[in-house]
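Chemist: Sharing a structure, written as structure tokens. Questions coming.
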Amino acid sequence: MTAPRPSPNPGAAVRIRPCGTADQLVREEPLLLRIHDSQLLTMRTPGQDEDLALGFLVGEGIVQGPGGVAGTEFVPGDPARLQADELRVRLVKPPDAAVRGRLARTHEIRTSCGVCGVSDPQQLLEDMVPLLPGTPRVSRAQVHAMAALLQERQELFAATGACHGALVASPDGTVHGFGEDVGRHNALDKAIGAALRTGTDLTRAVVLLSGRTGYDLVVKCLRARIGVIASVSAPSALAFDLCHAAGATLLGFVRGNRLQVYCDAARLTD
């Protein structure tokens, strides 16, 4: 049994008529996150902004979960004055030096980025809480079923063909979080944030990604303590190194009858 499907966001796409034919394009608009004295800008597809913010904060190690956020306030932007939408986030505890440093390094949230000069996986794992060994346990058949659920829920992608998706589910197939966005980072942040806001224990969850598994997406999952990371496409070499070092299960090419295990098959039950 799966969680109720989130209501489609009618404002996430716009209809145009190129060369006399109707078509829909995914929206890509700025969102300014104000976190105490820090400002972070992202281009995102409108919708699930609070989920995006919570998932981002957890994935960047700013907070450990929803309990670290005291409140949020959404302030609509004014396109006529070139003002972006704002989401103001109040943390329970003022940022310490380490948190301020992380916020300073992420002054701009990019929809995609490279290795950013990081060559040693241990540098990215130093401040992370270890994963639970052998948890969760999931069958290959259920991973394929989750991939089908991800595709089924990607209504915005079906309409535009121009966005990414991410899904967080239990090993039994219960969906706890889903996100679609023009940015793959944002889609994952939305899915993680949605799952956390329902009280999901992410140490017992599986994540499905609609595209390639880059190191940056893996880092978000590991910081959220998600032990099984699967994708319909391939991982990067650094993503593999990170999962191997952290003891995470990394799966790729989950499509049709195919499923490639890149590291730690011990969490698979068959």
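How things are named: the first chain in the structure tokens is A, the next is B, and so on; residues count from 1 in each chain; ligands count from 1 in the order shown.
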Write out as a ChimeraX atom specification all residues of stretch 132-270 of chain A that DSSP puts in helix (DSSP H, G or I) for this structure's backbone.

Modeler: /A:140-153,155-160,184-197,202-204,215-223,237-246,265-267

Chemist: Give me the residues within 7 Å of stretch 199-205 of chain A as a ChimeraX atom specification, counting only C-alpha atoms and dropping any in the same chain fewer than 5 places off.

Modeler: /A:132,135-136,168-171,176,224-227

Chemist: Just to confirm, what's the straight-line distance from atom CA of A:Arg153 to atom CA of A:Val182 in Å (one decimal)?

Modeler: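 Interatomic distance here is 15.1 Å.
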
Chemist: With distances taken over only C-alpha atoms, which residue among A:Ala145, A:Cys243, A:Leu57, A:Val89 lies nearest A:Ala70?

Modeler: A:Val89

Chemist: Select from stretch 129-228 of chain A everything DSSP, run on the backbone, classes as strand (DSSP E), then give the selection as an mmCIF file with C-alpha atoms, in the first residue's frame.

Modeler:
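This is the output file selection_35.cif:
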data_model
loop_
_atom_site.group_PDB
_atom_site.id
_atom_site.type_symbol
_atom_site.label_atom_id
_atom_site.label_comp_id
_atom_site.auth_asym_id
_atom_site.auth_seq_id
_atom_site.Cartn_x
_atom_site.Cartn_y
_atom_site.Cartn_z
ATOM 1 C CA HIS A 164 13.813 14.864 -12.815
ATOM 2 C CA GLY A 165 12.092 12.740 -10.202
ATOM 3 C CA ALA A 166 12.971 11.066 -6.902
ATOM 4 C CA LEU A 167 11.026 8.731 -4.648
ATOM 5 C CA VAL A 168 11.561 7.601 -1.022
ATOM 6 C CA ALA A 169 9.844 4.375 -0.008
ATOM 7 C CA VAL A 175 5.845 5.658 -0.690
ATOM 8 C CA HIS A 176 6.772 8.296 1.892
ATOM 9 C CA GLY A 177 8.156 11.059 -0.288
ATOM 10 C CA PHE A 178 8.210 12.085 -3.933
ATOM 11 C CA GLY A 179 9.499 15.096 -5.796
ATOM 12 C CA GLU A 180 9.704 16.379 -9.351
ATOM 13 C CA ASP A 181 11.782 19.352 -10.388
ATOM 14 C CA VAL A 206 15.096 3.210 -0.141
ATOM 15 C CA VAL A 207 15.554 6.047 -2.621
ATOM 16 C CA LEU A 208 14.876 5.805 -6.372
ATOM 17 C CA LEU A 209 16.329 8.369 -8.784
ATOM 18 C CA VAL A 228 19.890 1.855 -0.367
#

Chemist: Write out as an NGL selection string which residues come within 6 Å of stretch 256-270 of chain A when counting only C-alpha atoms, dropping same-chain ones fewer than 5 positions away.

Modeler: :A and (134 or 137-139 or 249-251)

Chemist: Kindly give the distance, in Å, that separates atom CA of A:Met43 and atom CA of A:Thr198, rounded to a single decimal.

Modeler: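 Here the two named atoms are 25.4 Å from each other.
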
Chemist: Find the distance between atom CA of A:Ala191 and atom CA of A:Pro133 and write it in Å to one decimal.

Modeler: 23.2 Å

Chemist: With only C-alpha atoms as the basis for distance, which of A:Pro130, A:Gly101, A:Pro76, A:Gly211 is at the shortest distance from A:Asp49?

Modeler: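 The closest residue to A:Asp49 is A:Pro76.
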
Chemist: Identify, on the basis of only C-alpha atoms, every residue whose closest approach to A:Pro235 does not exceed 9 Å; exclude the query and any residue fewer than 2 positions from it along the same chain; express the result as an NGL selection string.

Modeler: :A and (212-215 or 231 or 233 or 237-240 or 250-252 or 262)

Chemist: Any chance you can output those residues with C-alpha atoms as a tab-separated table (two decimals), in the first residue's frame?

Modeler:
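Output contents, as saved in selection12.tsv:
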chain	number	residue	atom	x	y	z
A	212	ARG	CA	22.30	9.21	-13.21
A	213	THR	CA	23.57	8.91	-9.65
A	214	GLY	CA	26.13	11.65	-9.11
A	215	TYR	CA	28.31	11.95	-6.02
A	231	SER	CA	18.58	4.68	-10.12
A	233	SER	CA	20.67	5.02	-14.91
A	237	ALA	CA	32.86	6.66	-10.15
A	238	LEU	CA	32.92	9.00	-7.13
A	239	ALA	CA	29.34	8.02	-6.24
A	240	PHE	CA	30.52	4.41	-6.21
A	250	LEU	CA	24.21	1.20	-4.77
A	251	LEU	CA	21.97	-0.05	-7.59
A	252	GLY	CA	21.80	1.14	-11.17
A	262	TYR	CA	27.50	-1.85	-7.82

Chemist: I'd like the contact shell of A:Gly61 - 12 Å cut-off, only C-alpha atoms, skipping same-chain residues fewer than 2 positions apart - returned as an NGL selection string.

Modeler: :A and (54-59 or 63-65 or 68 or 95 or 98-103 or 106 or 124-129 or 219-225)
